Each structure stands twice: as structure tokens, then as C-alpha cells.
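Q: upload15.pdb is reproduced in full below (PDB, C-alpha atoms).
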ATOM      1  CA  MET A  58     -69.126  21.558 -26.092
ATOM      2  CA  ASN A  59     -67.771  23.974 -23.477
ATOM      3  CA  LYS A  60     -70.748  23.351 -21.236
ATOM      4  CA  GLU A  61     -70.146  19.621 -21.544
ATOM      5  CA  LEU A  62     -66.510  20.044 -20.534
ATOM      6  CA  LYS A  63     -67.501  22.119 -17.496
ATOM      7  CA  VAL A  64     -69.966  19.463 -16.389
ATOM      8  CA  ASN A  65     -67.326  16.740 -16.761
ATOM      9  CA  ASN A  66     -64.745  18.759 -14.832
ATOM     10  CA  ASN A  67     -67.140  19.305 -11.938
ATOM     11  CA  THR A  68     -68.085  15.618 -11.719
ATOM     12  CA  GLU A  69     -66.249  13.826  -8.916
ATOM     13  CA  SER A  70     -64.930  10.279  -9.412
ATOM     14  CA  PRO A  71     -66.181   7.579  -6.982
ATOM     15  CA  ALA A  72     -62.698   7.409  -5.372
ATOM     16  CA  THR A  73     -62.597  11.189  -4.777
ATOM     17  CA  SER A  74     -66.129  11.150  -3.422
ATOM     18  CA  PHE A  75     -65.228   8.323  -0.999
ATOM     19  CA  VAL A  76     -62.104  10.151   0.246
ATOM     20  CA  GLU A  77     -64.196  13.290   0.811
ATOM     21  CA  ARG A  78     -66.673  11.299   2.879
ATOM     22  CA  LEU A  79     -63.831   9.930   5.018
ATOM     23  CA  TRP A  80     -63.096  13.457   6.315
ATOM     24  CA  VAL A  81     -66.519  13.313   7.979
ATOM     25  CA  LEU A  82     -66.897   9.567   8.590
ATOM     26  CA  VAL A  83     -63.597   9.017  10.455
ATOM     27  CA  PRO A  84     -64.230  11.670  13.172
ATOM     28  CA  ALA A  85     -67.882  10.590  13.443
ATOM     29  CA  ILE A  86     -67.030   6.863  13.840
ATOM     30  CA  LEU A  87     -64.263   7.575  16.361
ATOM     31  CA  LEU A  88     -66.551   9.813  18.425
ATOM     32  CA  ILE A  89     -69.392   7.265  18.430
ATOM     33  CA  GLY A  90     -66.937   4.502  19.439
ATOM     34  CA  LEU A  91     -65.445   6.694  22.170
ATOM     35  CA  LEU A  92     -68.871   7.607  23.545
ATOM     36  CA  ALA A  93     -69.964   3.957  23.588
ATOM     37  CA  THR A  94     -66.726   2.951  25.374
ATOM     38  CA  LEU A  95     -67.072   5.690  27.995
ATOM     39  CA  VAL A  96     -70.719   4.821  28.715
ATOM     40  CA  TYR A  97     -69.899   1.081  28.899
ATOM     41  CA  ASN A  98     -66.879   1.494  31.193
ATOM     42  CA  HIS A  99     -68.426   4.194  33.395
ATOM     43  CA  HIS A 100     -72.159   3.335  33.241
ATOM     44  CA  ASP A 101     -72.468   3.598  37.039
ATOM     45  CA  GLU A 102     -71.439   7.263  36.833
ATOM     46  CA  PHE A 103     -73.990   7.882  34.069
ATOM     47  CA  SER A 104     -77.044   6.866  36.132
ATOM     48  CA  VAL A 105     -80.145   9.051  35.738
ATOM     49  CA  ASP A 106     -79.988  10.214  39.357
ATOM     50  CA  GLY A 107     -76.273  11.005  39.049
ATOM     51  CA  LEU A 108     -76.734  13.019  35.861
ATOM     52  CA  ILE A 109     -79.695  14.964  37.271
ATOM     53  CA  ALA A 110     -77.724  15.730  40.437
ATOM     54  CA  GLY A 111     -74.829  16.920  38.288
ATOM     55  CA  PHE A 112     -76.872  19.606  36.528
ATOM     56  CA  ASP A 113     -76.304  22.330  39.089
ATOM     57  CA  GLN A 114     -74.762  25.799  39.063
ATOM     58  CA  GLU A 115     -71.227  24.398  38.680
ATOM     59  CA  PHE A 116     -72.256  22.402  35.622
ATOM     60  CA  LEU A 117     -73.658  25.566  34.024
ATOM     61  CA  ILE A 118     -70.326  27.309  34.664
ATOM     62  CA  PHE A 119     -68.420  24.487  32.922
ATOM     63  CA  PHE A 120     -70.970  24.516  30.079
ATOM     64  CA  CYS A 121     -70.468  28.271  29.563
ATOM     65  CA  ILE A 122     -66.678  27.812  29.649
ATOM     66  CA  GLY A 123     -67.077  25.153  26.930
ATOM     67  CA  VAL A 124     -69.205  27.440  24.736
ATOM     68  CA  PHE A 125     -66.866  30.426  25.089
ATOM     69  CA  ALA A 126     -63.662  28.395  24.623
ATOM     70  CA  GLN A 127     -65.006  26.728  21.465
ATOM     71  CA  LEU A 128     -66.160  30.049  19.980
ATOM     72  CA  VAL A 129     -62.673  31.420  20.609
ATOM     73  CA  ASP A 130     -60.940  28.354  19.155
ATOM     74  CA  GLY A 131     -63.230  27.871  16.170
ATOM     75  CA  THR A 132     -63.033  31.498  15.056
ATOM     76  CA  LEU A 133     -59.369  32.228  15.872
ATOM     77  CA  GLY A 134     -57.895  28.753  15.357
ATOM     78  CA  MET A 135     -56.412  28.898  18.853
ATOM     79  CA  GLY A 136     -57.288  29.315  22.484
ATOM     80  CA  TYR A 137     -59.600  26.414  23.452
ATOM     81  CA  GLY A 138     -57.134  24.784  25.830
ATOM     82  CA  ALA A 139     -55.642  28.059  27.032
ATOM     83  CA  THR A 140     -59.043  29.657  27.626
ATOM     84  CA  SER A 141     -60.762  26.680  29.263
ATOM     85  CA  THR A 142     -57.706  25.684  31.354
ATOM     86  CA  SER A 143     -57.239  29.269  32.574
ATOM     87  CA  PHE A 144     -60.901  29.448  33.614
ATOM     88  CA  LEU A 145     -60.801  26.025  35.323
ATOM     89  CA  LEU A 146     -57.561  26.751  37.225
ATOM     90  CA  ALA A 147     -58.895  30.156  38.289
ATOM     91  CA  TYR A 148     -62.086  28.415  39.472
ATOM     92  CA  GLY A 149     -59.981  26.077  41.638
ATOM     93  CA  ILE A 150     -59.961  22.863  39.581
ATOM     94  CA  PRO A 151     -56.643  20.917  40.050
ATOM     95  CA  PRO A 152     -54.250  20.781  37.028
ATOM     96  CA  ALA A 153     -54.566  17.012  36.439
ATOM     97  CA  ILE A 154     -58.380  17.177  36.383
ATOM     98  CA  SER A 155     -58.302  20.378  34.303
ATOM     99  CA  SER A 156     -55.961  18.936  31.677
ATOM    100  CA  THR A 157     -57.736  15.565  31.544
ATOM    101  CA  GLY A 158     -61.151  17.258  31.365
ATOM    102  CA  VAL A 159     -60.048  19.662  28.636
ATOM    103  CA  HIS A 160     -58.476  16.932  26.502
ATOM    104  CA  VAL A 161     -61.303  14.415  26.875
ATOM    105  CA  ALA A 162     -63.763  17.212  26.023
ATOM    106  CA  GLU A 163     -61.567  18.254  23.085
ATOM    107  CA  MET A 164     -61.885  14.743  21.643
ATOM    108  CA  PHE A 165     -65.533  15.623  21.019
ATOM    109  CA  THR A 166     -65.336  19.363  20.378
ATOM    110  CA  THR A 167     -62.445  19.107  17.899
ATOM    111  CA  GLY A 168     -64.284  16.299  16.092
ATOM    112  CA  ALA A 169     -67.353  18.507  15.751
ATOM    113  CA  SER A 170     -65.114  21.407  14.752
ATOM    114  CA  ALA A 171     -63.290  19.335  12.089
ATOM    115  CA  ILE A 172     -66.590  18.183  10.565
ATOM    116  CA  SER A 173     -67.941  21.759  10.636
ATOM    117  CA  HIS A 174     -64.844  23.252   8.988
ATOM    118  CA  HIS A 175     -64.984  20.540   6.308
ATOM    119  CA  ARG A 176     -68.636  21.366   5.729
ATOM    120  CA  PHE A 177     -67.763  25.058   5.161
ATOM    121  CA  GLY A 178     -64.751  24.228   2.948
ATOM    122  CA  ASN A 179     -62.127  25.632   5.326
ATOM    123  CA  ILE A 180     -59.579  22.778   5.136
ATOM    124  CA  ASN A 181     -56.246  22.495   3.288
ATOM    125  CA  LYS A 182     -55.779  18.703   3.287
ATOM    126  CA  LYS A 183     -52.061  18.830   2.479
ATOM    127  CA  LEU A 184     -51.395  21.030   5.521
ATOM    128  CA  VAL A 185     -53.448  18.681   7.731
ATOM    129  CA  ARG A 186     -51.352  15.689   6.604
ATOM    130  CA  HIS A 187     -48.103  17.530   7.449
ATOM    131  CA  LEU A 188     -49.308  18.362  10.976
ATOM    132  CA  LEU A 189     -51.079  15.124  11.875
ATOM    133  CA  ILE A 190     -48.477  12.489  12.848
ATOM    134  CA  PRO A 191     -45.881  14.828  14.500
ATOM    135  CA  GLY A 192     -48.669  16.514  16.505
ATOM    136  CA  VAL A 193     -50.027  13.145  17.663
ATOM    137  CA  LEU A 194     -46.573  11.922  18.771
ATOM    138  CA  GLY A 195     -45.927  15.126  20.729
ATOM    139  CA  SER A 196     -49.320  15.017  22.440
ATOM    140  CA  ILE A 197     -48.978  11.356  23.484
ATOM    141  CA  THR A 198     -45.559  12.070  25.034
ATOM    142  CA  GLY A 199     -46.842  15.115  26.934
ATOM    143  CA  ALA A 200     -50.000  13.351  28.165
ATOM    144  CA  TYR A 201     -47.985  10.359  29.429
ATOM    145  CA  LEU A 202     -45.581  12.595  31.362
ATOM    146  CA  LEU A 203     -48.401  14.565  33.017
ATOM    147  CA  SER A 204     -50.400  11.417  33.841
ATOM    148  CA  ASP A 205     -47.630   9.182  35.153
ATOM    149  CA  VAL A 206     -44.470  11.210  35.850
ATOM    150  CA  ILE A 207     -45.114  14.893  36.647
ATOM    151  CA  ASP A 208     -46.940  16.074  39.802
ATOM    152  CA  GLY A 209     -49.721  18.392  38.605
ATOM    153  CA  GLU A 210     -49.745  20.517  41.762
ATOM    154  CA  VAL A 211     -45.999  21.165  41.503
ATOM    155  CA  ILE A 212     -46.255  22.461  37.933
ATOM    156  CA  LYS A 213     -49.451  24.468  38.522
ATOM    157  CA  PRO A 214     -47.627  27.848  38.809
ATOM    158  CA  PHE A 215     -45.546  26.982  35.741
ATOM    159  CA  ILE A 216     -48.718  26.216  33.779
ATOM    160  CA  ALA A 217     -50.132  29.613  34.794
ATOM    161  CA  LEU A 218     -46.907  31.296  33.615
ATOM    162  CA  TYR A 219     -47.024  29.266  30.412
ATOM    163  CA  MET A 220     -50.597  30.467  29.807
ATOM    164  CA  ILE A 221     -49.433  34.078  30.216
ATOM    165  CA  GLY A 222     -46.735  33.367  27.632
ATOM    166  CA  LEU A 223     -49.350  31.972  25.220
ATOM    167  CA  ALA A 224     -51.506  35.055  25.783
ATOM    168  CA  VAL A 225     -48.578  37.330  24.963
ATOM    169  CA  ILE A 226     -48.022  35.360  21.727
ATOM    170  CA  ILE A 227     -51.701  35.782  20.796
ATOM    171  CA  ILE A 228     -51.640  39.542  21.460
ATOM    172  CA  ARG A 229     -48.311  40.006  19.645
ATOM    173  CA  LYS A 230     -49.643  38.188  16.573
ATOM    174  CA  ALA A 231     -52.780  40.340  16.651
ATOM    175  CA  LEU A 232     -50.740  43.561  16.665
ATOM    176  CA  LYS A 233     -48.345  42.452  13.931
ATOM    177  CA  LYS A 234     -48.851  44.345  10.666
ATOM    178  CA  ASN A 235     -48.020  43.761   7.015
ATOM    179  CA  LEU A 236     -47.561  40.000   7.154
ATOM    180  CA  VAL A 237     -45.503  38.753   4.209
ATOM    181  CA  LYS A 238     -46.305  35.228   3.074
ATOM    182  CA  LYS A 239     -43.310  32.898   3.389
ATOM    183  CA  LYS A 240     -42.861  29.147   3.423
ATOM    184  CA  THR A 241     -43.067  27.563   6.875
ATOM    185  CA  LYS A 242     -40.056  25.341   7.434
ATOM    186  CA  LYS A 243     -39.926  22.292   9.716
ATOM    187  CA  LEU A 244     -43.699  21.828  10.044
ATOM    188  CA  GLY A 245     -43.090  18.483  11.764
ATOM    189  CA  ILE A 246     -41.030  20.039  14.571
ATOM    190  CA  LEU A 247     -43.611  22.803  14.992
ATOM    191  CA  ALA A 248     -46.463  20.263  15.243
ATOM    192  CA  THR A 249     -44.540  18.000  17.664
ATOM    193  CA  PHE A 250     -43.744  20.907  19.991
ATOM    194  CA  GLY A 251     -47.332  22.210  19.767
ATOM    195  CA  GLY A 252     -48.801  18.784  20.582
ATOM    196  CA  PHE A 253     -46.410  18.242  23.513
ATOM    197  CA  MET A 254     -47.022  21.634  25.116
ATOM    198  CA  ASP A 255     -50.762  21.320  24.522
ATOM    199  CA  ALA A 256     -50.890  18.061  26.502
ATOM    200  CA  VAL A 257     -48.619  19.165  29.372
ATOM    201  CA  GLY A 258     -49.973  22.693  29.744
ATOM    202  CA  GLY A 259     -53.632  22.047  28.964
ATOM    203  CA  GLY A 260     -53.432  24.217  25.852
ATOM    204  CA  GLY A 261     -51.021  25.522  23.247
ATOM    205  CA  TRP A 262     -51.691  23.715  19.969
ATOM    206  CA  GLY A 263     -53.477  26.711  18.462
ATOM    207  CA  PRO A 264     -51.332  29.540  19.892
ATOM    208  CA  ILE A 265     -48.138  27.740  18.883
ATOM    209  CA  VAL A 266     -49.111  26.201  15.518
ATOM    210  CA  THR A 267     -51.837  28.520  14.224
ATOM    211  CA  SER A 268     -50.093  31.728  15.280
ATOM    212  CA  THR A 269     -46.824  30.605  13.626
ATOM    213  CA  LEU A 270     -48.577  29.761  10.354
ATOM    214  CA  LEU A 271     -50.622  32.988  10.373
ATOM    215  CA  GLY A 272     -47.454  34.906  11.259
ATOM    216  CA  ASN A 273     -45.931  33.530   8.062
ATOM    217  CA  GLY A 274     -48.749  35.088   6.060
ATOM    218  CA  ARG A 275     -50.886  32.014   5.405
ATOM    219  CA  ASN A 276     -54.574  32.383   4.563
ATOM    220  CA  PRO A 277     -56.463  32.661   7.909
ATOM    221  CA  ARG A 278     -59.529  30.703   6.755
ATOM    222  CA  TYR A 279     -57.648  27.601   5.554
ATOM    223  CA  THR A 280     -55.026  27.785   8.292
ATOM    224  CA  ILE A 281     -57.647  27.859  11.062
ATOM    225  CA  GLY A 282     -59.751  25.115   9.466
ATOM    226  CA  SER A 283     -56.734  22.866   8.817
ATOM    227  CA  VAL A 284     -55.136  23.303  12.255
ATOM    228  CA  ASN A 285     -58.519  22.622  13.889
ATOM    229  CA  ALA A 286     -58.951  19.486  11.762
ATOM    230  CA  ALA A 287     -55.479  18.192  12.760
ATOM    231  CA  GLU A 288     -56.252  19.088  16.370
ATOM    232  CA  PHE A 289     -58.911  16.354  16.438
ATOM    233  CA  ALA A 290     -56.212  13.679  16.053
ATOM    234  CA  VAL A 291     -53.936  15.476  18.543
ATOM    235  CA  ALA A 292     -56.692  15.796  21.168
ATOM    236  CA  PHE A 293     -57.931  12.250  20.570
ATOM    237  CA  SER A 294     -54.479  10.712  21.077
ATOM    238  CA  SER A 295     -53.703  12.731  24.216
ATOM    239  CA  GLY A 296     -57.203  12.071  25.608
ATOM    240  CA  VAL A 297     -56.797   8.300  25.151
ATOM    241  CA  THR A 298     -53.348   8.497  26.782
ATOM    242  CA  PHE A 299     -54.787  10.373  29.773
ATOM    243  CA  MET A 300     -57.505   7.714  30.108
ATOM    244  CA  LEU A 301     -55.033   4.812  29.902
ATOM    245  CA  PHE A 302     -52.468   6.138  32.383
ATOM    246  CA  GLY A 303     -54.395   8.510  34.650
ATOM    247  CA  GLY A 304     -58.013   7.407  34.497
ATOM    248  CA  ILE A 305     -60.863   9.892  34.195
ATOM    249  CA  GLN A 306     -61.901  12.274  36.949
ATOM    250  CA  GLY A 307     -64.158  15.302  37.023
ATOM    251  CA  TRP A 308     -67.091  14.100  34.914
ATOM    252  CA  GLN A 309     -69.060  17.269  35.607
ATOM    253  CA  VAL A 310     -66.232  19.334  34.090
ATOM    254  CA  ILE A 311     -65.927  17.008  31.080
ATOM    255  CA  ILE A 312     -69.646  16.822  30.237
ATOM    256  CA  GLY A 313     -70.109  20.583  30.664
ATOM    257  CA  LEU A 314     -67.170  21.322  28.338
ATOM    258  CA  ILE A 315     -68.319  18.725  25.785
ATOM    259  CA  LEU A 316     -71.912  19.940  25.538
ATOM    260  CA  GLY A 317     -70.904  23.604  25.416
ATOM    261  CA  GLY A 318     -68.156  23.002  22.845
ATOM    262  CA  VAL A 319     -70.137  20.725  20.514
ATOM    263  CA  MET A 320     -73.060  23.171  20.427
ATOM    264  CA  ALA A 321     -70.760  26.119  19.675
ATOM    265  CA  ALA A 322     -68.581  24.358  17.015
ATOM    266  CA  PRO A 323     -70.847  24.873  13.938
ATOM    267  CA  LEU A 324     -71.424  28.531  14.840
ATOM    268  CA  ALA A 325     -67.676  29.108  15.283
ATOM    269  CA  ALA A 326     -66.893  27.525  11.879
ATOM    270  CA  PHE A 327     -69.520  29.760  10.271
ATOM    271  CA  LEU A 328     -68.144  32.912  11.969
ATOM    272  CA  VAL A 329     -64.467  32.223  11.136
ATOM    273  CA  ASN A 330     -64.329  34.944   8.450
ATOM    274  CA  LYS A 331     -67.002  37.237   9.868
ATOM    275  CA  ILE A 332     -65.511  38.627  13.104
ATOM    276  CA  PRO A 333     -62.808  41.264  13.671
ATOM    277  CA  ARG A 334     -59.853  38.976  14.387
ATOM    278  CA  LYS A 335     -57.490  41.613  15.777
ATOM    279  CA  SER A 336     -59.760  42.892  18.555
ATOM    280  CA  MET A 337     -60.936  39.351  19.386
ATOM    281  CA  MET A 338     -57.360  38.059  19.734
ATOM    282  CA  ILE A 339     -56.363  40.975  21.981
ATOM    283  CA  LEU A 340     -59.467  40.464  24.144
ATOM    284  CA  VAL A 341     -58.780  36.727  24.534
ATOM    285  CA  GLY A 342     -55.099  37.344  25.305
ATOM    286  CA  VAL A 343     -55.879  39.895  28.020
ATOM    287  CA  LEU A 344     -58.527  37.581  29.509
ATOM    288  CA  ILE A 345     -56.087  34.649  29.718
ATOM    289  CA  ILE A 346     -53.465  36.863  31.397
ATOM    290  CA  LEU A 347     -55.974  38.057  34.022
ATOM    291  CA  LEU A 348     -57.151  34.496  34.754
ATOM    292  CA  SER A 349     -53.566  33.218  35.018
ATOM    293  CA  LEU A 350     -52.604  36.058  37.370
ATOM    294  CA  LYS A 351     -55.591  35.123  39.528
ATOM    295  CA  THR A 352     -54.361  31.521  39.662
ATOM    296  CA  LEU A 353     -50.837  32.676  40.611
ATOM    297  CA  SER A 354     -52.186  34.967  43.327
ATOM    298  CA  LYS A 355     -54.039  32.004  44.890
ATOM    299  CA  LEU A 356     -50.872  29.901  44.877
ATOM    300  CA  LEU A 357     -48.780  32.698  46.413
TER     301      LEU A 357
END
Spit out the file's structure as C-alpha cells when you get a sec.

A:
Amino acid sequence: MNKELKVNNNTESPATSFVERLWVLVPAILLIGLLATLVYNHHDEFSVDGLIAGFDQEFLIFFCIGVFAQLVDGTLGMGYGATSTSFLLAYGIPPAISSTGVHVAEMFTTGASAISHHRFGNINKKLVRHLLIPGVLGSITGAYLLSDVIDGEVIKPFIALYMIGLAVIIIRKALKKNLVKKKTKKLGILATFGGFMDAVGGGGWGPIVTSTLLGNGRNPRYTIGSVNAAEFAVAFSSGVTFMLFGGIQGWQVIIGLILGGVMAAPLAAFLVNKIPRKSMMILVGVLIILLSLKTLSKLL
């Protein structure tokens, strides 16, 4: 009798099973549709000769940036935009191309990351629902301003300073001890601000949202998985906004980041509970500060 009850309890209803599949199907369908649209609208830029010519030393650099940034983001729940943008700015890529490239690439890498975290059971669906719509609204607003209103070159030093601020937040959270779990208030405001700053600065969703939630004592595994899952919608909405208002430039940057990030996403989701978080966060924070200082020194 008890065994029978256990079997019945573990059996999912068709409705529950369908909803579970949606967590994988929705990102997959959106990514396939996006890829088809990009290839259709930019097929001239995807010629065989053009792609072969693009696979040079610079492409390998962007690919490695994509791998490293996704490993950082997937294991810490933060740092993809901050890490990749800091590297790209330090390498000399203009802010508009950097931010567009990072967000278009994130449409793919966060989709792969969301599917991977779902596969490993790292998602708190209620938390994702609270973050989703406010984060999307903030990211669309920020992407529109950067694409159509703000001059990227003018705000370049401010972005570098902003990245240093994010790095300080990451390091401070890593050094904080004895976290006491407490309820996070005003999740909508937090998500809106995180989405807006992520779009304008080329990063910030993770350092702002994930670090706040972890700072309130939430479970790292489910916080990281949930914030990464919500980030897919945030990145997708800002990426579409960038494409509508600013067009797409820097295909070599975008493809390198996409391939590197998608390949690293499953490994990052697997490693989320297996690496020393404190030392990794400090290392990433210091790296972002050094890269941002390099960018500032070039501007000065």
C-alpha cells in the first residue's frame, strides 16, 4: 500500500509534464526562430568565404572571451556581461558594438544556460516569475536609450567606472560572512534596475540581482539557476531592441561570443556547486577592475 502511494505521488500529471517541457521548449523555439531570422536577414554576411575569412586570431580571442565569461556567469550567477564587456572594451571594441555583441550573444548563451540549469534542477520557478517581467521592461528601456539616445563613446569612461563598481560589489559579497537568510523585498524594483543597468552598461544583471539575493542568504544553487533562467528573457528583449533601433554590427564578436558561451554553458551549470565560490568571485572582481582601469588609461 505504501509503495503504491509513493508511486502515485511520483507520477506527474499530463499538465505538469507539459509545463515542465515548456521550460525547455520556449527557449529552444525562440533561439531557433532568432537564428533563422538572423540568417535570412543577413545571409550575405554569412557567406562561406566571409565565415572562413572571419576565423582568424581575433575570432579566437572573442571565442575565448565567450567561454570564460560563460563559465564565470554559469557558476557564479553573475559576471557574463561585466567580464565580456570589460575584455572587449580593453581590446578596443567601441561601447555600442560591445554592448550589442554581448546582448545578441547572450540571447543564445542565456538560452543554453537556462536549459542546462533546468536539466540539473537548479531553478526556483516562483523566483523566475517574480524577476521576469520587471527585468524585461528595464532591459528594453536601457537598450533603447543606448541605441537611439545616448552616444556610446561619451559614456565609455562611465561604463568603465560602472564595471569597477560591479567588481567591488562582487568582491564585497565574496568577503561577507555569516549570511542570515531574510526575505528580499521589492523584487520587481531590483529586477527592473538590474535589467536597465545591464542593457546600458553591457552587464550588471547578475552582480546586481544575484549578489543581492545571495547577500540575503538565499540558496546559491537555486538563486544562480533562477537568475540565469530569467536572464534569458532579459537578454532576449534587450537584444531584439538593439537590433530594431541600432542594427547589428561586429558579427565576428557576436559569433565568437555565441560559440564560446553555448559550448561552456552545460559545463558551467554542472560546476555550479563544485567550485570554491569565494576565491572565484574575488578573482573575477580583481580581473574586471584591472581591465576597466586599462580602458580608462586608454581614454585618458

Q: Which residues match the PyMOL selection byres ((chain A and resi 189) around 8) in the file above, as a PDB file with C-alpha atoms, in the coordinates of the input?

A:
ATOM      1  CA  VAL A 185     -53.448  18.681   7.731  1.00  0.00           C
ATOM      2  CA  ARG A 186     -51.352  15.689   6.604  1.00  0.00           C
ATOM      3  CA  HIS A 187     -48.103  17.530   7.449  1.00  0.00           C
ATOM      4  CA  LEU A 188     -49.308  18.362  10.976  1.00  0.00           C
ATOM      5  CA  ILE A 190     -48.477  12.489  12.848  1.00  0.00           C
ATOM      6  CA  PRO A 191     -45.881  14.828  14.500  1.00  0.00           C
ATOM      7  CA  GLY A 192     -48.669  16.514  16.505  1.00  0.00           C
ATOM      8  CA  VAL A 193     -50.027  13.145  17.663  1.00  0.00           C
ATOM      9  CA  ALA A 248     -46.463  20.263  15.243  1.00  0.00           C
ATOM     10  CA  ALA A 287     -55.479  18.192  12.760  1.00  0.00           C
ATOM     11  CA  GLU A 288     -56.252  19.088  16.370  1.00  0.00           C
ATOM     12  CA  ALA A 290     -56.212  13.679  16.053  1.00  0.00           C
ATOM     13  CA  VAL A 291     -53.936  15.476  18.543  1.00  0.00           C
TER      14      VAL A 291
END

Q: Between atom CA of A:Met220 and atom CA of A:Asn181, what is the distance, to one decimal in Å?

A: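 Between atom CA of A:Met220 and atom CA of A:Asn181 the gap is 28.3 Å.
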
Q: Could you state the separation of atom CA of A:Ala292 and atom CA of A:Pro333 in Å, given to one decimal place?

A: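 About the pair atom CA of A:Ala292 and atom CA of A:Pro333: they are 27.2 Å apart.
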
Q: Please, what distance in Å, to one decimal, runs between atom CA of A:Phe116 and atom CA of A:Ile312?

A: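 So the answer is 8.2 Å.
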
Q: Please expand the PyMOL selection byres ((chain A and resi 148) around 12) into the concrete residues it hits in this file, giving the result as a VMD selection string.

A: chain A and resid 115 118 to 119 122 141 to 147 149 to 152 155 310 348 to 349 351 to 352 355

Q: Taking the file as shown, find all residues satisfying the PyMOL selection byres ((chain A and resi 321-328) around 8) and write them as a PyMOL selection string.

A: chain A and resi 124-125+127-132+166+169-170+173-174+177+282+317-320+329-332

Q: Rank A:Ser156, A:Gln114, A:Ser294, A:Ser336 by their smallest atom-to-atom distance to A:Ile197, using only C-alpha atoms, and report the top residue only.

A: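 Closest to A:Ile197 of all the choices is A:Ser294.
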
Q: Which polymer residues, protein or nucleic acid, are no farther than 6 Å from (-60.1, 22.1, 15.0), counting all atoms listed in the file, as a ChimeraX atom specification?

A: /A:167,170-171,284-286,288

Q: Return the single residue from A:Leu353, A:Ala162, A:Ile265, A:Leu117 that is closest to A:Gly251, with distances computed using all atoms listed in the file.

A: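 Among the listed residues, the smallest separation from A:Gly251 belongs to A:Ile265.
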